[in-house]
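Undergrad: Sharing start.tsv, TSV, C-alpha atoms:
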chain	number	residue	atom	x	y	z
A	588	MET	CA	55.96	-11.13	-32.02
A	589	THR	CA	58.42	-13.20	-34.02
A	590	GLY	CA	59.83	-11.29	-36.95
A	591	LYS	CA	58.48	-7.96	-35.76
A	592	PHE	CA	59.92	-5.34	-33.49
A	593	SER	CA	58.71	-4.47	-30.03
A	594	VAL	CA	59.20	-1.28	-28.05
A	595	LYS	CA	57.56	-0.71	-24.68
A	596	SER	CA	57.29	2.84	-23.41
A	597	GLY	CA	55.68	3.88	-20.15
A	598	GLY	CA	54.93	7.22	-21.77
A	599	ARG	CA	52.00	5.70	-23.56
A	600	LYS	CA	50.21	4.91	-20.30
A	601	ALA	CA	47.52	7.54	-19.99
A	602	ALA	CA	47.38	7.73	-16.18
A	603	PHE	CA	43.98	9.43	-16.03
A	604	ILE	CA	42.22	6.62	-14.20
A	605	VAL	CA	41.43	6.12	-10.55
A	606	THR	CA	41.86	2.36	-10.49
A	607	ALA	CA	44.46	2.69	-7.77
A	608	ALA	CA	41.69	3.66	-5.38
A	609	LEU	CA	40.34	0.14	-5.59
A	610	ALA	CA	43.60	-1.17	-4.20
A	611	ALA	CA	43.96	1.49	-1.51
A	612	ILE	CA	43.73	-0.85	1.48
A	613	VAL	CA	46.34	-3.24	0.09
A	614	ILE	CA	48.76	-0.48	-0.85
A	615	ALA	CA	48.30	1.42	2.40
A	616	THR	CA	49.08	-1.76	4.36
A	617	THR	CA	52.22	-2.28	2.28
A	618	LEU	CA	53.34	1.28	3.02
A	619	LEU	CA	52.91	0.72	6.75
A	620	LEU	CA	55.00	-2.43	6.62
A	621	SER	CA	57.78	-0.71	4.65
A	622	ALA	CA	59.10	1.52	7.38
A	623	CYS	CA	62.82	1.33	6.60
A	624	ALA	CA	64.73	4.59	6.21
A	625	ALA	CA	64.69	6.00	2.69
A	626	VAL	CA	67.95	6.52	0.83
A	627	GLU	CA	67.50	10.01	-0.60
A	628	ALA	CA	68.61	10.68	-4.15
A	629	GLU	CA	68.67	13.51	-6.70
A	630	PRO	CA	68.80	11.92	-10.16
A	631	PRO	CA	68.94	14.41	-13.07
A	632	MET	CA	65.61	16.00	-13.93
A	633	ALA	CA	64.67	17.86	-17.09
A	634	ASP	CA	64.89	21.65	-16.93
A	635	GLU	CA	64.57	24.51	-19.41
A	636	THR	CA	67.95	23.64	-20.97
A	637	TYR	CA	66.86	20.17	-22.10
A	638	MET	CA	65.65	19.20	-25.60
A	639	GLY	CA	67.77	21.94	-27.20
A	640	GLY	CA	67.81	19.92	-30.41
A	641	TYR	CA	64.04	19.97	-30.84
A	642	ASN	CA	64.41	22.46	-33.69
A	643	THR	CA	67.32	20.59	-35.28
A	644	LYS	CA	66.62	18.31	-38.21
A	645	PRO	CA	67.84	14.77	-37.38
A	646	ALA	CA	71.25	13.98	-38.82
A	647	PHE	CA	69.99	10.56	-39.90
A	648	ASP	CA	67.00	9.51	-41.97
A	649	GLY	CA	64.02	7.59	-40.73
A	650	TYR	CA	64.04	3.92	-41.68
A	651	TYR	CA	61.13	4.44	-44.08
A	652	SER	CA	62.24	7.89	-45.25
A	653	ALA	CA	61.84	7.00	-48.94
A	654	GLN	CA	58.25	5.89	-48.36
A	655	VAL	CA	57.52	9.09	-46.40
A	656	ASP	CA	58.85	11.16	-49.29
A	657	GLU	CA	56.73	9.16	-51.73
A	658	VAL	CA	53.62	9.88	-49.67
A	659	LEU	CA	54.40	13.58	-49.42
A	660	GLN	CA	55.01	13.89	-53.17
A	661	SER	CA	52.13	11.68	-54.29
A	662	ALA	CA	49.59	13.18	-56.68
A	663	SER	CA	47.24	10.19	-56.44
A	664	LEU	CA	46.73	9.89	-52.66
A	665	ASP	CA	44.21	12.18	-50.98
A	666	ASN	CA	45.25	14.07	-47.84
A	667	ALA	CA	43.36	11.79	-45.46
A	668	THR	CA	45.22	8.74	-46.81
A	669	LYS	CA	48.53	10.62	-46.78
A	670	ALA	CA	48.06	11.62	-43.15
A	671	ALA	CA	47.06	8.07	-42.14
A	672	TYR	CA	50.18	6.68	-43.81
A	673	LEU	CA	52.50	9.37	-42.43
A	674	TRP	CA	51.34	8.73	-38.84
A	675	ALA	CA	52.04	5.02	-39.18
A	676	LEU	CA	55.37	5.47	-40.97
A	677	ALA	CA	56.61	8.08	-38.47
A	678	SER	CA	55.61	5.77	-35.60
A	679	TYR	CA	57.67	2.93	-37.05
A	680	ASN	CA	60.57	5.24	-37.92
A	681	TRP	CA	60.69	6.29	-34.27
A	682	GLY	CA	60.90	2.60	-33.39
A	683	GLN	CA	63.94	2.21	-35.63
A	684	THR	CA	66.04	5.22	-34.57
A	685	SER	CA	69.52	4.66	-33.18
A	686	GLN	CA	68.88	7.34	-30.55
A	687	TYR	CA	66.21	9.79	-29.44
A	688	ALA	CA	65.08	11.99	-26.59
A	689	MET	CA	61.40	12.56	-25.86
A	690	PHE	CA	59.49	14.86	-23.53
A	691	GLN	CA	55.78	14.32	-22.91
A	692	ASN	CA	53.27	16.42	-20.99
A	693	LYS	CA	49.69	15.22	-20.66
A	694	VAL	CA	47.00	17.00	-18.66
A	695	GLY	CA	43.41	15.91	-18.29
A	696	ASP	CA	40.30	15.72	-16.16
A	697	THR	CA	38.75	12.49	-14.90
A	698	VAL	CA	35.24	11.97	-13.55
A	699	LEU	CA	34.51	8.82	-11.57
A	700	LYS	CA	31.49	8.09	-9.33
A	701	GLY	CA	30.65	11.78	-9.06
A	702	ASN	CA	34.19	12.80	-8.08
A	703	GLN	CA	36.62	14.53	-10.38
A	704	GLY	CA	40.20	15.72	-10.50
A	705	THR	CA	42.94	16.88	-12.82
A	706	MET	CA	46.11	14.91	-13.40
A	707	ALA	CA	49.33	16.09	-14.99
A	708	TYR	CA	51.38	13.20	-16.35
A	709	GLN	CA	54.92	13.91	-17.48
A	710	GLN	CA	57.76	11.82	-18.76
A	711	TYR	CA	61.26	12.40	-20.02
A	712	HIS	CA	62.77	9.52	-21.94
A	713	LYS	CA	66.01	9.14	-23.84
A	714	GLU	CA	67.50	6.06	-25.36
A	715	LYS	CA	70.59	4.95	-27.23
A	716	ARG	CA	70.02	1.60	-28.83
A	717	ALA	CA	72.31	-1.40	-29.14
A	718	ASP	CA	75.11	-1.30	-31.69
A	719	GLY	CA	77.66	-4.11	-31.93
A	720	ASP	CA	79.17	-4.81	-28.50
A	721	TYR	CA	77.38	-1.81	-27.02
A	722	LYS	CA	74.10	-2.99	-25.46
A	723	GLY	CA	72.48	0.42	-25.46
A	724	GLU	CA	71.24	2.57	-22.58
A	725	LYS	CA	67.99	4.16	-21.44
A	726	TYR	CA	67.04	6.89	-18.97
A	727	HIS	CA	63.35	7.35	-18.30
A	728	TYR	CA	61.33	9.03	-15.60
A	729	THR	CA	57.61	9.62	-15.09
A	730	ILE	CA	55.71	11.84	-12.65
A	731	LYS	CA	51.96	11.91	-11.97
A	732	HIS	CA	50.51	14.88	-10.11
A	733	ILE	CA	46.88	15.34	-8.96
A	734	TYR	CA	45.35	18.77	-8.36
A	735	ASP	CA	41.98	20.60	-8.31
A	736	SER	CA	40.30	17.38	-7.20
A	737	ASN	CA	37.64	16.28	-4.76
A	738	PHE	CA	39.07	12.77	-4.54
A	739	SER	CA	39.90	11.72	-1.01
A	740	SER	CA	43.40	12.52	0.24
A	741	VAL	CA	44.11	8.79	0.34
A	742	VAL	CA	43.20	8.39	-3.32
A	743	GLU	CA	45.17	11.49	-4.31
A	744	GLY	CA	48.21	10.23	-2.44
A	745	LEU	CA	48.00	6.83	-4.06
A	746	LEU	CA	47.60	8.31	-7.53
A	747	GLU	CA	50.57	10.64	-7.21
A	748	SER	CA	53.65	8.70	-8.24
A	749	ALA	CA	57.12	9.03	-9.73
A	750	ASN	CA	59.69	6.55	-11.01
A	751	VAL	CA	63.13	6.63	-12.64
A	752	ARG	CA	64.40	3.71	-14.68
A	753	PHE	CA	68.01	3.84	-15.87
A	754	VAL	CA	69.53	0.96	-17.80
A	755	ALA	CA	73.31	1.48	-17.95
A	756	ASN	CA	75.84	-0.50	-19.99
A	757	THR	CA	79.00	1.59	-19.72
A	758	GLY	CA	82.16	0.64	-17.81
A	759	ASP	CA	81.44	-0.43	-14.23
A	760	LEU	CA	77.85	0.70	-14.49
A	761	GLN	CA	76.03	-2.36	-15.76
A	762	GLY	CA	72.39	-3.06	-14.99
A	763	LEU	CA	69.09	-1.51	-13.99
A	764	TYR	CA	69.13	1.38	-11.53
A	765	ARG	CA	65.73	2.54	-10.30
A	766	PHE	CA	64.65	5.45	-8.12
A	767	LYS	CA	61.13	6.07	-6.83
A	768	ILE	CA	59.04	8.74	-5.17
A	769	ASN	CA	60.19	9.61	-1.64
A	770	GLY	CA	57.07	9.87	0.47
A	771	ASP	CA	53.36	9.32	0.17
A	772	GLY	CA	50.22	11.34	0.57
A	773	LYS	CA	48.84	14.49	-1.03
A	774	GLU	CA	51.16	16.87	-2.91
A	775	VAL	CA	54.27	14.73	-2.86
A	776	THR	CA	54.66	15.79	-6.47
A	777	MET	CA	54.51	19.45	-7.50
A	778	PHE	CA	54.89	21.98	-10.28
A	779	THR	CA	58.22	23.83	-10.43
A	780	GLY	CA	57.22	27.06	-12.16
A	781	THR	CA	59.89	26.30	-14.78
A	782	GLN	CA	58.91	25.53	-18.35
A	783	LEU	CA	60.32	23.30	-21.07
A	784	LEU	CA	58.98	23.85	-24.60
A	785	GLY	CA	56.09	25.80	-23.09
A	786	GLU	CA	55.12	23.03	-20.63
A	787	GLU	CA	55.43	23.56	-16.87
A	788	LEU	CA	57.74	20.97	-15.39
A	789	LEU	CA	56.89	18.66	-12.50
A	790	THR	CA	59.26	17.58	-9.78
A	791	THR	CA	59.36	15.43	-6.65
A	792	LYS	CA	61.74	14.05	-4.05
A	793	TRP	CA	63.41	10.74	-4.82
A	794	LYS	CA	64.75	7.72	-2.99
A	795	LYS	CA	66.62	4.65	-4.15
A	796	GLY	CA	64.39	1.86	-5.41
A	797	LYS	CA	64.50	-1.63	-3.96
A	798	ASP	CA	65.69	-3.11	-7.26
A	799	PHE	CA	68.58	-0.66	-7.59
A	800	GLY	CA	71.49	-2.38	-9.33
A	801	GLY	CA	69.45	-5.29	-10.66
A	802	ASN	CA	70.04	-7.09	-13.91
A	803	GLY	CA	70.03	-4.82	-16.92
A	804	GLU	CA	68.82	-5.53	-20.40
A	805	GLU	CA	69.96	-5.08	-23.93
A	806	ILE	CA	68.18	-2.06	-25.37
A	807	TRP	CA	66.29	-3.14	-28.44
A	808	LYS	CA	67.84	-1.79	-31.63
A	809	THR	CA	66.22	-2.98	-34.81
A	810	GLY	CA	63.80	-5.53	-36.15
A	811	ILE	CA	62.15	-4.75	-39.43
A	812	VAL	CA	58.58	-5.26	-40.51
A	813	LYS	CA	59.55	-4.84	-44.16
A	814	GLU	CA	62.85	-4.02	-45.82
A	815	ASN	CA	63.08	-0.30	-46.38
A	816	THR	CA	63.64	-0.87	-50.09
A	817	ALA	CA	60.13	-2.34	-50.39
A	818	SER	CA	57.43	-0.42	-52.19
A	819	LEU	CA	55.09	1.91	-50.31
A	820	SER	CA	52.16	-0.46	-50.77
A	821	GLU	CA	54.20	-3.40	-49.45
A	822	VAL	CA	55.35	-1.45	-46.40
A	823	ILE	CA	51.85	-0.21	-45.54
A	824	ALA	CA	50.47	-3.74	-45.93
A	825	ALA	CA	53.21	-5.07	-43.63
A	826	ILE	CA	52.50	-2.42	-40.97
A	827	LYS	CA	48.77	-3.14	-41.18
A	828	SER	CA	49.52	-6.79	-40.53
A	829	ASP	CA	51.91	-5.93	-37.72
A	830	VAL	CA	49.31	-3.77	-35.96
A	831	GLN	CA	46.86	-6.67	-36.01
A	832	THR	CA	49.29	-9.35	-34.82
A	833	CYS	CA	51.49	-7.57	-32.26
A	834	ASP	CA	50.84	-7.95	-28.56
A	835	VAL	CA	48.80	-4.96	-27.41
A	836	ASP	CA	51.56	-3.56	-25.21
A	837	ASP	CA	54.17	-3.98	-27.94
A	838	ARG	CA	52.70	-1.92	-30.74
A	839	LEU	CA	54.42	1.13	-32.12
A	840	ILE	CA	51.48	3.05	-33.56
A	841	GLN	CA	51.21	6.13	-31.36
A	842	GLY	CA	48.19	7.52	-29.55
A	843	ASN	CA	46.17	4.27	-29.57
A	844	ILE	CA	44.94	5.22	-33.04
A	845	ASN	CA	45.10	2.66	-35.81
A	846	THR	CA	45.07	5.21	-38.63
A	847	LEU	CA	45.40	2.42	-41.20
A	848	ALA	CA	41.91	1.08	-40.44
A	849	ASP	CA	39.57	1.83	-43.36
A	850	GLY	CA	37.92	5.22	-43.20
A	851	VAL	CA	39.13	6.11	-39.68
A	852	VAL	CA	40.92	9.26	-40.86
A	853	SER	CA	38.18	11.32	-42.51
A	854	GLY	CA	40.18	14.40	-43.48
A	855	ALA	CA	43.55	16.10	-43.16
A	856	THR	CA	45.61	19.15	-44.01
A	857	ILE	CA	49.35	18.94	-44.76
A	858	THR	CA	51.45	22.11	-44.73
A	859	LYS	CA	55.16	22.57	-45.40
A	860	ALA	CA	56.83	24.68	-42.71
A	861	ALA	CA	58.16	28.04	-43.88
A	862	ASP	CA	61.05	27.93	-41.41
A	863	GLY	CA	62.25	24.32	-41.52
A	864	ASP	CA	62.38	20.95	-43.23
A	865	TYR	CA	59.22	19.58	-41.71
A	866	TYR	CA	55.50	19.34	-42.38
A	867	THR	CA	52.54	20.01	-40.09
A	868	VAL	CA	49.69	17.53	-40.46
A	869	THR	CA	46.25	17.75	-38.86
A	870	MET	CA	43.82	14.82	-38.88
A	871	THR	CA	40.08	14.59	-38.34
A	872	PHE	CA	38.35	11.29	-37.61
A	873	ASP	CA	35.17	9.41	-38.33
A	874	LEU	CA	34.34	8.54	-34.72
A	875	GLU	CA	31.84	5.86	-35.68
A	876	LYS	CA	34.48	4.00	-37.71
A	877	LEU	CA	37.18	4.66	-35.13
A	878	ASN	CA	35.05	3.27	-32.30
A	879	ALA	CA	34.20	0.28	-34.49
A	880	ASP	CA	37.90	-0.51	-35.03
A	881	SER	CA	38.56	-3.27	-32.52
A	882	ARG	CA	42.33	-2.72	-32.49
A	883	SER	CA	42.10	0.99	-31.65
A	884	ILE	CA	39.64	0.26	-28.85
A	885	GLU	CA	41.84	-2.54	-27.56
A	886	PHE	CA	44.80	-0.15	-27.43
A	887	LEU	CA	42.70	2.51	-25.67
A	888	ASN	CA	41.37	0.05	-23.08
A	889	SER	CA	44.88	-1.22	-22.36
A	890	ASP	CA	46.44	2.21	-21.91
A	891	ASN	CA	43.75	3.30	-19.47
A	892	SER	CA	43.25	0.05	-17.53
A	893	ALA	CA	39.63	0.19	-18.63
A	894	LYS	CA	37.02	-1.60	-20.71
A	895	ASN	CA	34.16	-0.76	-23.06
A	896	MET	CA	35.80	2.52	-23.98
A	897	GLN	CA	34.68	4.85	-26.75
A	898	TRP	CA	35.99	8.16	-28.02
A	899	ASP	CA	33.60	11.10	-27.72
A	900	SER	CA	35.99	13.40	-29.58
A	901	LEU	CA	39.49	13.17	-31.03
A	902	SER	CA	41.80	15.51	-32.91
A	903	VAL	CA	45.46	15.02	-33.76
A	904	SER	CA	48.13	17.27	-35.18
A	905	PHE	CA	51.73	16.29	-35.73
A	906	GLU	CA	54.98	17.56	-37.17
A	907	ILE	CA	57.13	15.25	-39.25
A	908	TRP	CA	60.62	15.97	-40.56
A	909	ASP	CA	60.93	15.45	-44.30
A	910	ASN	CA	63.25	12.51	-43.58
A	911	GLY	CA	60.41	10.70	-41.85
A	912	LEU	CA	60.88	11.25	-38.10
A	913	PHE	CA	58.41	12.81	-35.67
A	914	ARG	CA	59.20	16.35	-34.54
A	915	SER	CA	56.17	16.55	-32.23
A	916	TYR	CA	52.55	15.60	-31.90
A	917	THR	CA	49.47	16.79	-30.00
A	918	ILE	CA	46.38	14.71	-29.21
A	919	ASP	CA	43.16	16.17	-27.81
A	920	GLU	CA	40.66	13.51	-26.81
A	921	LYS	CA	37.58	12.78	-24.74
A	922	TRP	CA	36.37	9.30	-23.94
A	923	THR	CA	33.99	7.35	-21.74
A	924	GLY	CA	34.25	3.81	-20.43
A	925	GLU	CA	34.35	1.58	-17.40
A	926	VAL	CA	37.37	1.85	-15.13
A	927	GLY	CA	38.37	-0.37	-12.27
A	928	ALA	CA	39.78	-3.82	-11.64
A	929	VAL	CA	38.70	-7.41	-11.03
A	930	ALA	CA	34.98	-7.32	-10.11
A	931	PHE	CA	34.77	-3.58	-9.40
A	932	TRP	CA	34.05	-1.39	-12.43
A	933	PHE	CA	32.63	2.12	-12.54
A	934	GLU	CA	31.44	4.38	-15.33
A	935	GLY	CA	34.01	7.06	-15.96
A	936	SER	CA	35.04	9.73	-18.43
A	937	ALA	CA	38.12	11.76	-19.20
A	938	SER	CA	39.38	14.55	-21.38
A	939	ALA	CA	43.06	15.10	-22.01
A	940	THR	CA	45.56	17.08	-24.04
A	941	ASN	CA	48.82	15.31	-24.79
A	942	HIS	CA	51.93	17.10	-26.12
A	943	VAL	CA	54.97	15.02	-27.15
A	944	TYR	CA	58.29	16.46	-28.39
A	945	PHE	CA	61.30	14.68	-29.91
A	946	SER	CA	65.00	15.38	-30.38
A	947	TYR	CA	67.67	13.24	-32.01
A	948	THR	CA	70.90	15.22	-31.47
A	949	ASP	CA	73.99	13.72	-29.82
A	950	GLU	CA	73.86	16.35	-27.08
A	951	ASP	CA	70.23	15.66	-26.15
A	952	CYS	CA	70.73	11.90	-26.32
A	953	SER	CA	73.95	11.81	-24.28
A	954	MET	CA	73.82	9.74	-21.09
A	955	GLN	CA	76.91	11.35	-19.57
A	956	LYS	CA	75.09	13.48	-16.97
A	957	GLU	CA	73.14	10.45	-15.75
A	958	LEU	CA	76.19	8.17	-15.73
A	959	ASP	CA	78.21	10.76	-13.75
A	960	TYR	CA	75.43	11.10	-11.19
A	961	LEU	CA	75.03	7.34	-10.86
A	962	ALA	CA	78.78	6.80	-10.36
A	963	GLU	CA	78.89	9.52	-7.68
A	964	PHE	CA	75.79	8.18	-5.93
A	965	ILE	CA	77.31	4.70	-5.73
A	966	ALA	CA	80.74	6.01	-4.68
A	967	ASP	CA	79.13	7.95	-1.84
A	968	GLY	CA	77.60	4.73	-0.52
A	969	GLY	CA	74.02	5.38	-1.56
A	970	ALA	CA	73.74	2.01	-3.25
A	971	GLU	CA	74.65	0.14	-0.06
A	972	GLU	CA	72.55	1.97	2.51
A	973	ALA	CA	69.57	0.08	3.92
A	974	GLU	CA	66.13	1.25	2.91
As C-alpha cells - that is how I would like this structure written.
TA:
Amino acid sequence: MTGKFSVKSGGRKAAFIVTAALAAIVIATTLLLSACAAVEAEPPMADETYMGGYNTKPAFDGYYSAQVDEVLQSASLDNATKAAYLWALASYNWGQTSQYAMFQNKVGDTVLKGNQGTMAYQQYHKEKRADGDYKGEKYHYTIKHIYDSNFSSVVEGLLESANVRFVANTGDLQGLYRFKINGDGKEVTMFTGTQLLGEELLTTKWKKGKDFGGNGEEIWKTGIVKENTASLSEVIAAIKSDVQTCDVDDRLIQGNINTLADGVVSGATITKAADGDYYTVTMTFDLEKLNADSRSIEFLNSDNSAKNMQWDSLSVSFEIWDNGLFRSYTIDEKWTGEVGAVAFWFEGSASATNHVYFSYTDEDCSMQKELDYLAEFIADGGAEEAE
C-alpha cells in the first residue's frame, strides 16, 4: 500500500462464525500440552466511568473537515450521495486522528449445520499516534462470549476468547505487552451487569501472554490519500482508488461497506442534532448492487472468515461531528454464506447489531492508568514468573 495509509483494528473482525470448531482437535491438544501455571493478571477493563468524552465535540478537526462541510452544505448533491461521501470521509478522518478511544459492542445469532448460538463481541480500543520522537501507544482488548446456544461445550469453550494488546513507548515501558484469557471451557467469559453507554459490559479472568514484553511497534500516525486542500471531487476519487487498491485487511472504510460504489446507497436522511454540533445520518441500500460490488463482498468474506457471502438485509445509521469525525455508528445486518476452513465449508447465516462509540478527549485517551498497572505488575514480578 505504498503512498496510502494502513490501520488494522481487531474490532472489525465480526466473530460470529464457528470456524474454530473445525480446529477443535488441534487446539484442544495444544491446551493439554500447555500445562504450565498461569500468571494471573488484572489489566484495566472498561467500566461505566469510561468514554466520558463521548458527548464532547473533538478539540481538533478531522483531516477532511473542509470536504465534510462542503458535503453537508451542498445544494447539488442528493442525500444518498451525501451520506455515501460522509461515511467514507469520516472513516478516513478516523484514520488520521492523533488520538481516539473507541468502544464497540456487537451481538448476533449464528446458525451453522442446524446448530445456533448468540455471541457478544466487545472491544475497547484507545490509541495515541506517533508524534516526533514519541512512537505512540495503543491499548486494546477484545472479549467474545457465547450464550443461548446448542453448540457443544467444546465448541463454546473454543469460541469464547479474550485478549489484551498494549503497545507502550513511555520511559522503561517499551514494547508489546499481551494478556490473554485465563482458562478454557464454557462460560469463561461473562456479563458483568454493568453498562457503558447503554451496553452491558463483558469481563473475564486474565493471565500473562507468552509474548509479554516482546518487541513493540511504532503506532502509525499519518499517511495521506490526498492533501486535505484538494477539492471534494479529487478527494473522493482518491478514496475510491484507495479502496480498490488497498490490501483487504488494511482498508479504512468501516462496516465492510464500500459506500462509494455506484448506486449502493439508495437513500438517506441527514438531520442536524438539536443538542450538539453533530449530524445523524441514516442510509438504506440497494442490496442487489451492494452484493454485486466485489470489494464490499471481499471485505465481508474477510471479516467473517467465510466465502460466497451475501447480505440479506443491511441498515446503517451514524453520527458525525460537524468537524468530520465519527461520534458513533450502528449497523444492523443479516447475511448468508459458507463458513469454515481449508476443505471444510458449511452453509451458514448470521444476524448482528453492531454499536460503535468514539471519544477524542485527553482524559479518555490517556494511557496513564494502563502504564501504572503495567509498571506495578512488572515490579511485583509478574513479568518474570513462569507460565
Undergrad: Using only C-alpha atoms, determine which residues lie at most 9 Å from A:Leu783, disregarding the query and same-chain residues fewer than 4 positions distant; provide the list as a PDB file with C-alpha atoms, keeping the file's coordinate frame.
TA:
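Written out: selection_36.pdb:
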ATOM      1  CA  ALA A 633      64.670  17.860 -17.090  1.00  0.00           C
ATOM      2  CA  ASP A 634      64.890  21.650 -16.930  1.00  0.00           C
ATOM      3  CA  GLU A 635      64.570  24.510 -19.410  1.00  0.00           C
ATOM      4  CA  THR A 636      67.950  23.640 -20.970  1.00  0.00           C
ATOM      5  CA  TYR A 637      66.860  20.170 -22.100  1.00  0.00           C
ATOM      6  CA  MET A 638      65.650  19.200 -25.600  1.00  0.00           C
ATOM      7  CA  PHE A 690      59.490  14.860 -23.530  1.00  0.00           C
ATOM      8  CA  GLU A 787      55.430  23.560 -16.870  1.00  0.00           C
ATOM      9  CA  LEU A 788      57.740  20.970 -15.390  1.00  0.00           C
TER      10      LEU A 788
END
Undergrad: Could you please determine the separation between atom CA of A:Tyr641 and atom CA of A:Thr779 in Å, to one decimal place?
TA: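 Calculated distance between atom CA of A:Tyr641 and atom CA of A:Thr779 is 21.6 Å.
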Undergrad: State, in Å with one decimal place, the distance from atom CA of A:Asp951 to atom CA of A:Gly785.
TA: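 Pair atom CA of A:Asp951 / atom CA of A:Gly785 returns 17.7 Å.
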Undergrad: Name the closest residue to A:Gly701 among the candidates A:Ile857, A:Gly682, A:Asn737, A:Ala893; distances are taken between atoms, counting only C-alpha atoms.
TA: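 Using only C-alpha atoms, the shortest distance to A:Gly701 belongs to A:Asn737.
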Undergrad: Between atom CA of A:Leu839 and atom CA of A:Met896, what is the distance in Å, rounded to a tenth?
TA: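 Atom CA of A:Met896 lies at a distance of 20.4 Å from atom CA of A:Leu839.
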Undergrad: For stretch 934-940 of chain A, please output as a ChimeraX atom specification all residues within 12 Å (counting only C-alpha atoms; exclusion window: fewer than 2 positions along the same chain).
TA: /A:601-606,691-709,786,842,891-904,916-927,931-932,942-943
Undergrad: Counting only C-alpha atoms, which residue out of A:Cys833, A:Ala625, A:Leu912, A:Val658 sits closest to A:Ser820?
TA: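 Smallest distance to A:Ser820 is found for A:Val658.
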Undergrad: Which is closer to A:Thr684 than all the others in A:Val835, A:Val775, A:Val751, A:Ile811, using all atoms listed in the file?
TA: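 Among A:Val835, A:Val775, A:Val751, A:Ile811, it is A:Ile811 that comes nearest to A:Thr684.
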Undergrad: Using all atoms listed in the file, which of A:Glu747, A:Glu821, A:Asp967, A:Asp829 sits nearest A:Gln654?
TA: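 Residue with the minimum atom-to-atom distance to A:Gln654: A:Glu821.
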Undergrad: Need the shell around A:His727: protein/DNA/RNA residues with any atom at most 10 Å away, counting all atoms listed in the file. Skip same-chain ones fewer than 4 positions apart. Format as a list in words?
TA: Ser596, Gly597, Gly598, Met632, Ala688, Met689, Phe690, Gln710, Tyr711, His712, Lys713, Glu714, Asn750, Val751, Arg752, Phe753, Val754 and Arg765 of chain A
Undergrad: Do you know which residues are at most 9 Å from A:Trp681 counting all atoms listed in the file, after dropping those on the same chain fewer than 4 positions away, and could you put them as a list of chain:residue names?
TA: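 So, after excluding close chain neighbours, the residues are A:Gly649, A:Tyr650, A:Leu676, A:Ala677, A:Tyr687, A:Leu839, A:Gly911, A:Leu912, A:Phe913.
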Undergrad: Check the smallest atom-to-atom distance from each of A:Asp656, A:Thr869, A:Asn843, A:Ser748 to A:Phe905 using all atoms listed in the file, then report the winner.
TA: A:Thr869
Undergrad: Adding 4 Å on each side of the box along x, y and z that holds all listed atoms of stretch 909-922 of chain A, could you give its centre and edge lengths in Å to one decimal, as AutoDock Vina command-line options?
TA:
--center_x 49.8 --center_y 13.0 --center_z -34.1 --size_x 34.9 --size_y 15.5 --size_z 28.4
Undergrad: With distances taken over only C-alpha atoms, which residue among A:Ala962, A:Ala861, A:Val852, A:Ile806 lies nearest A:Asp873?
TA: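 Using only C-alpha atoms, A:Asp873 sits closest to A:Val852.
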Undergrad: Name the residues in contact with A:Lys813 at a cut-off of 7 Å, using all atoms listed in the file, excluding same-chain residues fewer than 4 positions from it; report them as a list in words.
TA: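 Result of the neighbour search: Ala817, Val822 and Ala825 of chain A.
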